[in-house]
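K.L.:
Contents of query38.pdb (PDB, C-alpha atoms) are given next:
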```
ATOM      1  CA  MET A   1     108.732  45.438 156.937
ATOM      2  CA  LYS A   2     109.276  41.742 156.259
ATOM      3  CA  SER A   3     111.026  40.113 159.166
ATOM      4  CA  LEU A   4     113.403  37.194 159.231
ATOM      5  CA  GLU A   5     111.098  35.549 161.776
ATOM      6  CA  GLU A   6     108.666  34.889 158.952
ATOM      7  CA  LEU A   7     111.341  32.666 157.421
ATOM      8  CA  ALA A   8     111.417  30.624 160.629
ATOM      9  CA  LYS A   9     107.684  30.012 160.178
ATOM     10  CA  ILE A  10     108.236  28.913 156.580
ATOM     11  CA  ARG A  11     110.836  26.456 157.834
ATOM     12  CA  GLU A  12     108.443  25.024 160.437
ATOM     13  CA  ARG A  13     105.755  24.548 157.821
ATOM     14  CA  MET A  14     108.237  22.849 155.494
ATOM     15  CA  GLN A  15     109.403  20.449 158.174
ATOM     16  CA  ASN A  16     105.832  19.293 158.684
ATOM     17  CA  LYS A  17     105.442  18.786 154.961
ATOM     18  CA  VAL A  18     108.568  16.761 154.263
ATOM     19  CA  VAL A  19     106.891  13.442 155.005
ATOM     20  CA  LEU A  20     104.441  13.954 152.159
ATOM     21  CA  ARG A  21     107.220  14.209 149.608
ATOM     22  CA  GLU A  22     107.331  10.730 148.205
ATOM     23  CA  GLY A  23     107.080  11.098 144.453
ATOM     24  CA  GLN A  24     110.270  12.721 143.237
ATOM     25  CA  ALA A  25     109.872  15.426 140.655
ATOM     26  CA  ASN A  26     109.633  13.628 137.325
ATOM     27  CA  ILE A  27     108.978  16.516 134.986
ATOM     28  CA  ARG A  28     111.745  18.995 134.345
ATOM     29  CA  VAL A  29     111.091  22.279 132.597
ATOM     30  CA  ALA A  30     114.190  24.092 131.352
ATOM     31  CA  VAL A  31     114.168  27.739 130.295
ATOM     32  CA  GLY A  32     116.995  29.102 128.136
ATOM     33  CA  MET A  33     118.559  31.867 130.215
ATOM     34  CA  ALA A  34     121.737  32.772 128.352
ATOM     35  CA  THR A  35     122.263  36.291 126.997
ATOM     36  CA  CYS A  36     120.108  35.491 123.962
ATOM     37  CA  GLY A  37     117.242  34.095 126.040
ATOM     38  CA  ILE A  38     117.316  36.955 128.546
ATOM     39  CA  ALA A  39     117.364  39.574 125.781
ATOM     40  CA  ALA A  40     114.406  37.878 124.086
ATOM     41  CA  GLY A  41     112.285  37.970 127.253
ATOM     42  CA  ALA A  42     113.007  34.739 129.115
ATOM     43  CA  ARG A  43     112.897  36.252 132.615
ATOM     44  CA  PRO A  44     109.136  36.928 132.696
ATOM     45  CA  VAL A  45     108.560  33.521 131.063
ATOM     46  CA  LEU A  46     110.559  31.783 133.798
ATOM     47  CA  ASN A  47     108.766  33.741 136.504
ATOM     48  CA  ALA A  48     105.362  32.875 135.021
ATOM     49  CA  LEU A  49     106.304  29.162 135.017
ATOM     50  CA  VAL A  50     107.585  29.262 138.609
ATOM     51  CA  GLU A  51     104.461  31.112 139.784
ATOM     52  CA  GLU A  52     102.034  28.859 137.956
ATOM     53  CA  VAL A  53     103.742  25.665 139.168
ATOM     54  CA  ALA A  54     103.645  26.950 142.762
ATOM     55  CA  LYS A  55     100.027  28.119 142.452
ATOM     56  CA  ARG A  56      98.879  24.720 141.229
ATOM     57  CA  ASN A  57     100.871  22.900 143.926
ATOM     58  CA  LEU A  58     102.963  21.061 141.360
ATOM     59  CA  THR A  59     106.327  21.672 143.043
ATOM     60  CA  ASP A  60     106.656  18.025 144.083
ATOM     61  CA  LYS A  61     106.109  16.884 140.519
ATOM     62  CA  VAL A  62     107.683  19.599 138.396
ATOM     63  CA  THR A  63     111.052  21.333 138.673
ATOM     64  CA  VAL A  64     111.719  24.514 136.765
ATOM     65  CA  THR A  65     115.380  24.989 135.868
ATOM     66  CA  GLN A  66     117.468  27.530 133.997
ATOM     67  CA  THR A  67     119.712  26.445 131.185
ATOM     68  CA  GLY A  68     122.225  28.048 128.816
ATOM     69  CA  CYS A  69     122.147  28.720 125.100
ATOM     70  CA  ILE A  70     121.249  25.687 122.996
ATOM     71  CA  GLY A  71     122.265  27.323 119.734
ATOM     72  CA  MET A  72     118.876  28.334 118.366
ATOM     73  CA  CYS A  73     118.915  31.945 119.539
ATOM     74  CA  ARG A  74     116.418  33.087 116.908
ATOM     75  CA  PHE A  75     113.728  30.955 118.544
ATOM     76  CA  GLU A  76     114.226  32.302 122.075
ATOM     77  CA  PRO A  77     112.629  32.343 124.603
ATOM     78  CA  ILE A  78     112.826  28.539 124.481
ATOM     79  CA  VAL A  79     111.205  26.237 127.028
ATOM     80  CA  GLU A  80     111.988  22.511 127.017
ATOM     81  CA  VAL A  81     109.877  19.927 128.814
ATOM     82  CA  PHE A  82     111.483  16.643 129.870
ATOM     83  CA  ASP A  83     108.856  14.204 131.117
ATOM     84  CA  GLY A  84     110.348  10.877 132.229
ATOM     85  CA  ASP A  85     111.105   8.640 129.260
ATOM     86  CA  LYS A  86     108.901  10.581 126.865
ATOM     87  CA  GLU A  87     110.381  12.528 123.995
ATOM     88  CA  ARG A  88     111.542  16.049 124.858
ATOM     89  CA  VAL A  89     109.160  18.812 123.816
ATOM     90  CA  THR A  90     110.722  22.112 122.713
ATOM     91  CA  TYR A  91     108.538  25.217 122.812
ATOM     92  CA  ILE A  92     109.758  28.331 121.022
ATOM     93  CA  LYS A  93     109.080  32.078 121.224
ATOM     94  CA  VAL A  94     107.315  31.538 124.510
ATOM     95  CA  THR A  95     105.525  34.402 126.265
ATOM     96  CA  PRO A  96     104.304  34.455 129.888
ATOM     97  CA  GLU A  97     100.765  33.746 128.607
ATOM     98  CA  LYS A  98     101.928  30.757 126.542
ATOM     99  CA  ALA A  99     103.963  29.566 129.542
ATOM    100  CA  ARG A 100     100.844  29.454 131.749
ATOM    101  CA  GLU A 101      99.005  27.603 128.997
ATOM    102  CA  ILE A 102     101.849  25.064 128.795
ATOM    103  CA  VAL A 103     101.537  24.422 132.537
ATOM    104  CA  GLU A 104      97.780  23.967 132.257
ATOM    105  CA  LYS A 105      97.553  21.839 129.110
ATOM    106  CA  HIS A 106     100.870  20.006 129.027
ATOM    107  CA  LEU A 107     102.127  19.650 132.605
ATOM    108  CA  VAL A 108      98.706  19.193 134.189
ATOM    109  CA  GLY A 109      96.665  17.897 131.259
ATOM    110  CA  GLY A 110      99.418  15.780 129.700
ATOM    111  CA  ASN A 111      98.855  17.126 126.210
ATOM    112  CA  PRO A 112     101.728  19.036 124.581
ATOM    113  CA  ILE A 113     100.617  22.109 122.638
ATOM    114  CA  ALA A 114     101.818  21.241 119.135
ATOM    115  CA  GLU A 115     101.380  24.704 117.613
ATOM    116  CA  TYR A 116     103.917  26.284 120.008
ATOM    117  CA  THR A 117     106.626  23.696 119.395
ATOM    118  CA  ILE A 118     109.659  23.987 117.187
ATOM    119  CA  GLY A 119     108.212  21.238 114.989
ATOM    120  CA  ALA A 120     105.299  23.470 114.046
ATOM    121  CA  ALA A 121     107.610  26.398 113.216
ATOM    122  CA  GLU A 122     109.808  24.364 110.891
ATOM    123  CA  LYS A 123     107.002  23.054 108.709
TER     124      LYS A 123
ATOM    125  CA  MET B   1     118.624  44.498 126.584
ATOM    126  CA  LYS B   2     115.589  46.553 127.498
ATOM    127  CA  GLU B   3     116.486  46.905 131.183
ATOM    128  CA  LEU B   4     119.789  47.120 133.050
ATOM    129  CA  SER B   5     118.405  44.546 135.461
ATOM    130  CA  LEU B   6     118.526  42.053 132.571
ATOM    131  CA  ASN B   7     122.222  42.831 131.975
ATOM    132  CA  ILE B   8     122.765  42.268 135.703
ATOM    133  CA  LEU B   9     121.019  38.875 135.559
ATOM    134  CA  ASP B  10     123.140  37.914 132.567
ATOM    135  CA  ILE B  11     126.479  39.002 134.072
ATOM    136  CA  ALA B  12     125.760  37.452 137.475
ATOM    137  CA  GLN B  13     125.395  34.079 135.773
ATOM    138  CA  ASN B  14     129.037  34.325 134.671
ATOM    139  CA  SER B  15     129.944  34.367 138.375
ATOM    140  CA  ILE B  16     127.986  31.167 138.904
ATOM    141  CA  THR B  17     129.674  29.554 135.898
ATOM    142  CA  ALA B  18     132.975  30.503 137.569
ATOM    143  CA  GLU B  19     131.939  28.379 140.575
ATOM    144  CA  ALA B  20     131.429  31.337 142.907
ATOM    145  CA  ASP B  21     129.531  30.644 146.117
ATOM    146  CA  LEU B  22     129.084  34.336 146.920
ATOM    147  CA  VAL B  23     127.858  36.961 144.477
ATOM    148  CA  GLU B  24     127.592  40.570 145.619
ATOM    149  CA  ILE B  25     125.489  42.926 143.528
ATOM    150  CA  THR B  26     125.765  46.571 144.555
ATOM    151  CA  LEU B  27     124.028  49.590 143.089
ATOM    152  CA  ASP B  28     125.047  53.108 144.113
ATOM    153  CA  GLU B  29     122.628  55.666 142.843
ATOM    154  CA  THR B  30     122.356  59.438 142.987
ATOM    155  CA  ASP B  31     119.968  61.742 141.140
ATOM    156  CA  THR B  32     122.249  61.763 138.107
ATOM    157  CA  THR B  33     124.524  58.711 138.307
ATOM    158  CA  LEU B  34     124.322  54.966 138.780
ATOM    159  CA  LYS B  35     127.215  52.708 139.653
ATOM    160  CA  LEU B  36     126.883  48.959 139.417
ATOM    161  CA  SER B  37     129.262  46.394 140.848
ATOM    162  CA  ILE B  38     129.027  42.626 140.501
ATOM    163  CA  LYS B  39     131.660  40.875 142.582
ATOM    164  CA  ASP B  40     132.219  37.157 143.018
ATOM    165  CA  ASN B  41     134.653  34.716 144.582
ATOM    166  CA  GLY B  42     134.774  32.404 141.582
ATOM    167  CA  TYR B  43     137.833  31.035 139.780
ATOM    168  CA  GLY B  44     138.639  34.283 138.005
ATOM    169  CA  MET B  45     140.022  34.995 134.547
ATOM    170  CA  SER B  46     143.551  34.948 133.131
ATOM    171  CA  PRO B  47     145.035  38.359 132.256
ATOM    172  CA  GLU B  48     144.850  37.421 128.558
ATOM    173  CA  PHE B  49     141.184  36.512 128.777
ATOM    174  CA  LEU B  50     140.438  39.585 130.871
ATOM    175  CA  ALA B  51     141.963  41.809 128.172
ATOM    176  CA  SER B  52     139.761  40.346 125.458
ATOM    177  CA  VAL B  53     136.541  39.714 127.326
ATOM    178  CA  ALA B  54     134.865  42.999 126.410
ATOM    179  CA  ASP B  55     135.372  42.391 122.706
ATOM    180  CA  PRO B  56     132.844  39.970 121.217
ATOM    181  CA  PHE B  57     134.978  39.352 118.128
ATOM    182  CA  SER B  58     138.296  38.521 119.734
ATOM    183  CA  THR B  59     136.935  35.449 121.451
ATOM    184  CA  THR B  60     136.961  31.935 120.132
ATOM    185  CA  ARG B  61     133.584  30.276 120.247
ATOM    186  CA  THR B  62     134.969  26.822 121.004
ATOM    187  CA  THR B  63     134.358  26.979 124.754
ATOM    188  CA  ARG B  64     130.994  28.685 124.291
ATOM    189  CA  LYS B  65     131.598  30.394 127.614
ATOM    190  CA  VAL B  66     131.992  33.807 126.118
ATOM    191  CA  GLY B  67     129.793  35.999 124.065
ATOM    192  CA  MET B  68     127.754  39.138 124.166
ATOM    193  CA  GLY B  69     127.121  39.559 127.899
ATOM    194  CA  ILE B  70     129.947  41.909 128.847
ATOM    195  CA  PRO B  71     129.984  43.739 125.476
ATOM    196  CA  LEU B  72     126.291  44.560 125.919
ATOM    197  CA  LEU B  73     126.864  45.929 129.435
ATOM    198  CA  LYS B  74     129.826  47.930 128.147
ATOM    199  CA  LEU B  75     127.689  49.387 125.388
ATOM    200  CA  ALA B  76     124.905  50.277 127.824
ATOM    201  CA  ALA B  77     127.403  52.125 130.057
ATOM    202  CA  GLU B  78     129.415  53.834 127.316
ATOM    203  CA  GLN B  79     126.380  55.118 125.453
ATOM    204  CA  THR B  80     125.588  57.250 128.533
ATOM    205  CA  GLY B  81     129.151  58.578 128.814
ATOM    206  CA  GLY B  82     130.118  56.013 131.450
ATOM    207  CA  GLY B  83     132.155  52.855 131.197
ATOM    208  CA  ILE B  84     133.111  49.540 132.723
ATOM    209  CA  THR B  85     136.101  48.239 134.641
ATOM    210  CA  LEU B  86     137.106  44.645 135.261
ATOM    211  CA  ARG B  87     139.357  43.153 137.908
ATOM    212  CA  SER B  88     140.061  39.498 138.327
ATOM    213  CA  THR B  89     142.302  37.207 140.341
ATOM    214  CA  GLN B  90     142.626  33.596 139.288
ATOM    215  CA  ARG B  91     142.105  30.796 141.760
ATOM    216  CA  SER B  92     145.333  29.169 140.571
ATOM    217  CA  VAL B  93     147.240  32.329 141.521
ATOM    218  CA  ASP B  94     145.569  33.149 144.846
ATOM    219  CA  PRO B  95     142.974  30.611 146.007
ATOM    220  CA  GLU B  96     142.133  32.692 149.111
ATOM    221  CA  ASN B  97     141.310  35.963 147.354
ATOM    222  CA  CYS B  98     140.282  34.857 143.887
ATOM    223  CA  GLY B  99     137.294  36.225 142.041
ATOM    224  CA  THR B 100     136.127  38.822 139.580
ATOM    225  CA  GLU B 101     134.593  42.254 139.974
ATOM    226  CA  ILE B 102     132.946  44.118 137.160
ATOM    227  CA  THR B 103     131.830  47.686 137.670
ATOM    228  CA  ALA B 104     129.813  49.826 135.325
ATOM    229  CA  SER B 105     129.003  53.496 135.638
ATOM    230  CA  PHE B 106     126.119  55.274 133.986
ATOM    231  CA  ARG B 107     124.906  58.835 133.563
ATOM    232  CA  LYS B 108     121.225  58.617 134.394
ATOM    233  CA  ASP B 109     120.438  61.984 132.815
ATOM    234  CA  HIS B 110     121.758  60.854 129.420
ATOM    235  CA  LEU B 111     119.185  60.264 126.716
ATOM    236  CA  ASP B 112     120.529  56.749 126.091
ATOM    237  CA  PHE B 113     120.413  55.602 129.708
ATOM    238  CA  THR B 114     118.669  52.233 129.920
ATOM    239  CA  PRO B 115     116.301  52.141 132.919
ATOM    240  CA  LEU B 116     117.153  49.723 135.707
ATOM    241  CA  GLY B 117     113.798  47.976 135.293
ATOM    242  CA  ASP B 118     112.585  45.069 137.395
ATOM    243  CA  ILE B 119     115.623  44.438 139.580
ATOM    244  CA  VAL B 120     113.514  42.524 142.122
ATOM    245  CA  SER B 121     112.746  39.898 139.463
ATOM    246  CA  THR B 122     116.442  39.640 138.662
ATOM    247  CA  VAL B 123     117.312  38.867 142.293
ATOM    248  CA  CYS B 124     114.478  36.335 142.555
ATOM    249  CA  THR B 125     115.476  34.704 139.255
ATOM    250  CA  LEU B 126     119.045  34.176 140.504
ATOM    251  CA  LEU B 127     117.817  32.605 143.746
ATOM    252  CA  GLN B 128     115.390  30.417 141.819
ATOM    253  CA  GLY B 129     117.954  29.075 139.383
ATOM    254  CA  PHE B 130     121.004  28.827 141.617
ATOM    255  CA  PRO B 131     119.845  28.377 145.215
ATOM    256  CA  ASP B 132     123.150  26.978 146.467
ATOM    257  CA  VAL B 133     124.953  30.263 145.883
ATOM    258  CA  ASP B 134     124.807  33.137 148.390
ATOM    259  CA  TYR B 135     123.815  36.608 147.244
ATOM    260  CA  VAL B 136     124.201  40.015 148.790
ATOM    261  CA  PHE B 137     122.110  42.602 146.999
ATOM    262  CA  THR B 138     122.548  46.210 148.090
ATOM    263  CA  HIS B 139     120.979  49.264 146.483
ATOM    264  CA  ARG B 140     122.067  52.585 147.997
ATOM    265  CA  ILE B 141     120.095  55.597 146.866
ATOM    266  CA  VAL B 142     121.416  59.025 147.794
ATOM    267  CA  LYS B 143     119.285  62.089 147.183
ATOM    268  CA  GLY B 144     121.283  64.801 145.489
ATOM    269  CA  GLU B 145     124.099  64.623 143.005
ATOM    270  CA  LYS B 146     127.032  63.588 145.133
ATOM    271  CA  ALA B 147     127.814  59.913 145.482
ATOM    272  CA  GLY B 148     129.364  58.470 148.577
ATOM    273  CA  GLU B 149     127.379  60.458 151.120
ATOM    274  CA  THR B 150     126.723  57.264 152.983
ATOM    275  CA  GLY B 151     125.236  57.139 156.419
ATOM    276  CA  THR B 152     123.428  60.442 156.042
ATOM    277  CA  GLU B 153     119.696  61.003 156.263
ATOM    278  CA  ASN B 154     119.626  61.498 152.500
ATOM    279  CA  GLU B 155     120.558  57.869 151.999
ATOM    280  CA  THR B 156     118.246  54.885 151.656
ATOM    281  CA  VAL B 157     119.635  51.354 151.606
ATOM    282  CA  ILE B 158     117.685  48.439 150.177
ATOM    283  CA  CYS B 159     119.258  45.087 150.779
ATOM    284  CA  VAL B 160     118.908  41.355 151.061
ATOM    285  CA  ASP B 161     121.625  38.968 152.255
ATOM    286  CA  THR B 162     120.904  35.285 151.722
ATOM    287  CA  ARG B 163     123.536  34.322 154.313
ATOM    288  CA  ASP B 164     121.292  35.799 157.033
ATOM    289  CA  MET B 165     118.315  33.957 155.551
ATOM    290  CA  ARG B 166     120.163  30.642 155.474
ATOM    291  CA  VAL B 167     120.948  30.867 159.197
ATOM    292  CA  ILE B 168     117.207  30.745 159.854
ATOM    293  CA  LEU B 169     116.157  28.423 157.038
ATOM    294  CA  GLY B 170     118.817  25.822 157.889
ATOM    295  CA  ASP B 171     119.493  22.968 155.492
ATOM    296  CA  ASP B 172     115.825  21.980 155.264
ATOM    297  CA  VAL B 173     114.545  24.782 153.090
ATOM    298  CA  PRO B 174     116.254  25.742 149.830
ATOM    299  CA  LEU B 175     116.354  29.377 148.706
ATOM    300  CA  ASN B 176     114.198  28.484 145.709
ATOM    301  CA  ASP B 177     111.274  27.233 147.747
ATOM    302  CA  PRO B 178     108.248  29.164 146.390
ATOM    303  CA  MET B 179     107.415  30.588 149.829
ATOM    304  CA  VAL B 180     110.980  31.781 150.337
ATOM    305  CA  LEU B 181     111.064  33.380 146.879
ATOM    306  CA  LEU B 182     107.811  35.151 147.650
ATOM    307  CA  TRP B 183     109.260  36.390 150.942
ATOM    308  CA  VAL B 184     112.303  37.840 149.141
ATOM    309  CA  ARG B 185     110.106  39.494 146.509
ATOM    310  CA  ASP B 186     107.799  40.995 149.144
ATOM    311  CA  SER B 187     110.705  42.093 151.299
ATOM    312  CA  LEU B 188     112.445  43.943 148.461
ATOM    313  CA  GLU B 189     109.225  45.433 147.114
ATOM    314  CA  GLU B 190     108.360  46.752 150.572
ATOM    315  CA  GLN B 191     111.811  48.285 150.914
ATOM    316  CA  TYR B 192     111.471  49.975 147.503
ATOM    317  CA  ALA B 193     107.990  51.221 148.375
ATOM    318  CA  GLU B 194     109.359  52.732 151.580
ATOM    319  CA  ALA B 195     112.222  54.336 149.673
ATOM    320  CA  GLY B 196     109.576  55.964 147.497
ATOM    321  CA  LYS B 197     110.821  54.454 144.309
TER     322      LYS B 197
END
```
Mind turning this structure into C-alpha cells?
P.N.:
Amino acid sequence: MKSLEELAKIRERMQNKVVLREGQANIRVAVGMATCGIAAGARPVLNALVEEVAKRNLTDKVTVTQTGCIGMCRFEPIVEVFDGDKERVTYIKVTPEKAREIVEKHLVGGNPIAEYTIGAAEK
Amino acid sequence: MKELSLNILDIAQNSITAEADLVEITLDETDTTLKLSIKDNGYGMSPEFLASVADPFSTTRTTRKVGMGIPLLKLAAEQTGGGITLRSTQRSVDPENCGTEITASFRKDHLDFTPLGDIVSTVCTLLQGFPDVDYVFTHRIVKGEKAGETGTENETVICVDTRDMRVILGDDVPLNDPMVLLWVRDSLEEQYAEAGK
C-alpha cells in the first residue's frame, strides 16, 4: 500500500532540486481536452506526452497543458506546440505513438513533423 | 464516449470552469448497479440554465460553455434504464453553499452499459491539468446487489484525497509533478488490485 510518507520523500527531493531550475519552461504543448477531444482519444495522447516529457527529463523546458475546443473537432485529437517566438505548430489526429514521436523529433530534435500537421492535411 | 471514465473527465472539467476548488467524484457500485456523483463548490447554474443543460439543442452557442458533455452522460445512463439528476445553487444566491452536483445511475447488467474503463487515468489527467483544485475520489464497491451496505465486510473503498496529500507536499510541490502523479497512479492501481478488480 502506497503511504503518504512517500510523498514527504518526494517533497524533500524536490526541495533539493529547486536551485537547478533556472531556465523557465519555454515550450508549451497544449492538448485539446473538450468533449470532442476526449471522445476522439485525447486522454491517452495527453498521458503519453506527460510520460515522455517526464522520462526525458524535459519538465523544466516543456509544460504540457490541457485546453478547450478550438473549433476543429473533426481533426481531434489536436496537439499544439508553442515554442517561444516561433510560429505555432498544430498537429492533428494525434495518437499516443505520434505524440511520443513529436516529443522526440520536435521538442528534443527541434524539427516539427510536417506530415502530422494541419497544413499537410489541408493540401 | 467509449468509457464512462471519459464522461467523468469531461463533466469534471465543467466544475473547474465553474471556478470550483473542490471536486468530489464518487462511485457506488454493486454487482448490478453503478451510481456516479460529481459534486463541486463552483459558481453554480441558474434555474433556467439548469433546466436546459441536458438538451444540446436548447443552448445558444455564443458562450461556447455548453455542448454535448451532459447530454452524452445522460444518454449513457438512460440507455441502461438509469438516468441523471442535477442540483445546483448559484454563488450569487448562497456564496457559502454554492455548487453543482450531477448524479447518474446505471444498470450494469444492461446490454448497453458502457464500461467504466480507465478511471485511474481520468483522476491523473485532472490532477495534471488542474493541479490547483482539490479532488476527492471515492469508489465504493459492495459485493451483492444491494447498495448502501456500507461499513460491512462486503464493501471495498478505493479513495484518494488530494487535501491529505497537500498537507504533506506543502506549497513546494504541485500536484502535477511527475513523481506525484506517478504516486497517485500507483496508489490507486494498488488499491484496485487489492479489491480484486
K.L.:
In Å, how far is it from atom CA of A:Lys55 to atom CA of B:Asp161?
P.N.:
26.1 Å
K.L.:
Within 12 Å of chain B, which residues belong to chain A? Use all atoms listed in the file and report them as a PDB file with C-alpha atoms, in the coordinates of the input.
P.N.:
```pdb
ATOM      1  CA  MET A   1     108.732  45.438 156.937  1.00  0.00           C
ATOM      2  CA  LYS A   2     109.276  41.742 156.259  1.00  0.00           C
ATOM      3  CA  SER A   3     111.026  40.113 159.166  1.00  0.00           C
ATOM      4  CA  LEU A   4     113.403  37.194 159.231  1.00  0.00           C
ATOM      5  CA  GLU A   5     111.098  35.549 161.776  1.00  0.00           C
ATOM      6  CA  GLU A   6     108.666  34.889 158.952  1.00  0.00           C
ATOM      7  CA  LEU A   7     111.341  32.666 157.421  1.00  0.00           C
ATOM      8  CA  ALA A   8     111.417  30.624 160.629  1.00  0.00           C
ATOM      9  CA  LYS A   9     107.684  30.012 160.178  1.00  0.00           C
ATOM     10  CA  ILE A  10     108.236  28.913 156.580  1.00  0.00           C
ATOM     11  CA  ARG A  11     110.836  26.456 157.834  1.00  0.00           C
ATOM     12  CA  GLU A  12     108.443  25.024 160.437  1.00  0.00           C
ATOM     13  CA  ARG A  13     105.755  24.548 157.821  1.00  0.00           C
ATOM     14  CA  MET A  14     108.237  22.849 155.494  1.00  0.00           C
ATOM     15  CA  GLN A  15     109.403  20.449 158.174  1.00  0.00           C
ATOM     16  CA  ASN A  16     105.832  19.293 158.684  1.00  0.00           C
ATOM     17  CA  LYS A  17     105.442  18.786 154.961  1.00  0.00           C
ATOM     18  CA  VAL A  18     108.568  16.761 154.263  1.00  0.00           C
ATOM     19  CA  VAL A  29     111.091  22.279 132.597  1.00  0.00           C
ATOM     20  CA  ALA A  30     114.190  24.092 131.352  1.00  0.00           C
ATOM     21  CA  VAL A  31     114.168  27.739 130.295  1.00  0.00           C
ATOM     22  CA  GLY A  32     116.995  29.102 128.136  1.00  0.00           C
ATOM     23  CA  MET A  33     118.559  31.867 130.215  1.00  0.00           C
ATOM     24  CA  ALA A  34     121.737  32.772 128.352  1.00  0.00           C
ATOM     25  CA  THR A  35     122.263  36.291 126.997  1.00  0.00           C
ATOM     26  CA  CYS A  36     120.108  35.491 123.962  1.00  0.00           C
ATOM     27  CA  GLY A  37     117.242  34.095 126.040  1.00  0.00           C
ATOM     28  CA  ILE A  38     117.316  36.955 128.546  1.00  0.00           C
ATOM     29  CA  ALA A  39     117.364  39.574 125.781  1.00  0.00           C
ATOM     30  CA  ALA A  40     114.406  37.878 124.086  1.00  0.00           C
ATOM     31  CA  GLY A  41     112.285  37.970 127.253  1.00  0.00           C
ATOM     32  CA  ALA A  42     113.007  34.739 129.115  1.00  0.00           C
ATOM     33  CA  ARG A  43     112.897  36.252 132.615  1.00  0.00           C
ATOM     34  CA  PRO A  44     109.136  36.928 132.696  1.00  0.00           C
ATOM     35  CA  VAL A  45     108.560  33.521 131.063  1.00  0.00           C
ATOM     36  CA  LEU A  46     110.559  31.783 133.798  1.00  0.00           C
ATOM     37  CA  ASN A  47     108.766  33.741 136.504  1.00  0.00           C
ATOM     38  CA  ALA A  48     105.362  32.875 135.021  1.00  0.00           C
ATOM     39  CA  LEU A  49     106.304  29.162 135.017  1.00  0.00           C
ATOM     40  CA  VAL A  50     107.585  29.262 138.609  1.00  0.00           C
ATOM     41  CA  GLU A  51     104.461  31.112 139.784  1.00  0.00           C
ATOM     42  CA  GLU A  52     102.034  28.859 137.956  1.00  0.00           C
ATOM     43  CA  VAL A  53     103.742  25.665 139.168  1.00  0.00           C
ATOM     44  CA  ALA A  54     103.645  26.950 142.762  1.00  0.00           C
ATOM     45  CA  LYS A  55     100.027  28.119 142.452  1.00  0.00           C
ATOM     46  CA  ARG A  56      98.879  24.720 141.229  1.00  0.00           C
ATOM     47  CA  ASN A  57     100.871  22.900 143.926  1.00  0.00           C
ATOM     48  CA  LEU A  58     102.963  21.061 141.360  1.00  0.00           C
ATOM     49  CA  THR A  59     106.327  21.672 143.043  1.00  0.00           C
ATOM     50  CA  ASP A  60     106.656  18.025 144.083  1.00  0.00           C
ATOM     51  CA  THR A  63     111.052  21.333 138.673  1.00  0.00           C
ATOM     52  CA  VAL A  64     111.719  24.514 136.765  1.00  0.00           C
ATOM     53  CA  THR A  65     115.380  24.989 135.868  1.00  0.00           C
ATOM     54  CA  GLN A  66     117.468  27.530 133.997  1.00  0.00           C
ATOM     55  CA  THR A  67     119.712  26.445 131.185  1.00  0.00           C
ATOM     56  CA  GLY A  68     122.225  28.048 128.816  1.00  0.00           C
ATOM     57  CA  CYS A  69     122.147  28.720 125.100  1.00  0.00           C
ATOM     58  CA  ILE A  70     121.249  25.687 122.996  1.00  0.00           C
ATOM     59  CA  GLY A  71     122.265  27.323 119.734  1.00  0.00           C
TER      60      GLY A  71
END
```
K.L.:
Can you tell me which residues surround B:Val136 at a distance of at most 12 Å, considering all atoms listed in the file, apart from same-chain residues fewer than 4 positions away, and format the answer as a ChimeraX atom specification?
P.N.:
/B:12,21-27,37-40,123,126-127,158-165
K.L.:
Would you save the residues of that selection, restricted to C-alpha atoms, as a short mmCIF file (atom, residue, chain, number, x, y, z; two decimals), in the frame of the given file?
P.N.:
```
data_model
loop_
_atom_site.label_atom_id
_atom_site.label_comp_id
_atom_site.auth_asym_id
_atom_site.auth_seq_id
_atom_site.Cartn_x
_atom_site.Cartn_y
_atom_site.Cartn_z
CA ALA B 12 125.76 37.45 137.48
CA ASP B 21 129.53 30.64 146.12
CA LEU B 22 129.08 34.34 146.92
CA VAL B 23 127.86 36.96 144.48
CA GLU B 24 127.59 40.57 145.62
CA ILE B 25 125.49 42.93 143.53
CA THR B 26 125.76 46.57 144.56
CA LEU B 27 124.03 49.59 143.09
CA SER B 37 129.26 46.39 140.85
CA ILE B 38 129.03 42.63 140.50
CA LYS B 39 131.66 40.88 142.58
CA ASP B 40 132.22 37.16 143.02
CA VAL B 123 117.31 38.87 142.29
CA LEU B 126 119.04 34.18 140.50
CA LEU B 127 117.82 32.60 143.75
CA ILE B 158 117.68 48.44 150.18
CA CYS B 159 119.26 45.09 150.78
CA VAL B 160 118.91 41.36 151.06
CA ASP B 161 121.62 38.97 152.26
CA THR B 162 120.90 35.28 151.72
CA ARG B 163 123.54 34.32 154.31
CA ASP B 164 121.29 35.80 157.03
CA MET B 165 118.32 33.96 155.55
#
```
K.L.:
For atom CA of B:Gly42 and atom CA of B:Leu4, quote the distance in Å rounded to one decimal.
P.N.:
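So the answer is 22.7 Å.
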K.L.:
Which of these residues is nearest to A:Phe82, using only C-alpha atoms: A:Ile102, A:Ala121, A:Val108, A:Val62?
P.N.:
A:Val62
K.L.:
Using all atoms listed in the file, can you tell me which of B:Thr80, B:Thr85, B:Thr138, B:Asn97 comes closest to B:Thr33?
P.N.:
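Once distances to B:Thr33 are computed over all atoms listed in the file, the minimum belongs to B:Thr80.
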K.L.:
Applied to this file, what does the PyMOL selection byres ((chain A and resi 91) around 8) return in terms of residues, put as a list in words?
P.N.:
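With the shown file as input, the PyMOL selection byres ((chain A and resi 91) around 8) matches Ile78, Val79, Glu80, Val89, Thr90, Ile92, Lys93, Val94, Tyr116, Thr117 and Ile118 of chain A.
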K.L.:
If you keep C-alpha atoms, can you produce a file of those selected residues as a compact mmCIF listing (two decimals), in the frame of the given file?
P.N.:
```
# COMPACT_ATOMS: atom_id res chain seq x y z
CA ILE A 78 112.83 28.54 124.48
CA VAL A 79 111.20 26.24 127.03
CA GLU A 80 111.99 22.51 127.02
CA VAL A 89 109.16 18.81 123.82
CA THR A 90 110.72 22.11 122.71
CA ILE A 92 109.76 28.33 121.02
CA LYS A 93 109.08 32.08 121.22
CA VAL A 94 107.32 31.54 124.51
CA TYR A 116 103.92 26.28 120.01
CA THR A 117 106.63 23.70 119.40
CA ILE A 118 109.66 23.99 117.19
```
K.L.:
Considering only C-alpha atoms, state which residue in the set A:Thr95, A:Glu122, A:Glu101, A:Lys61 is at the smallest distance from A:Asp83.
P.N.:
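Using only C-alpha atoms, the shortest distance to A:Asp83 belongs to A:Lys61.
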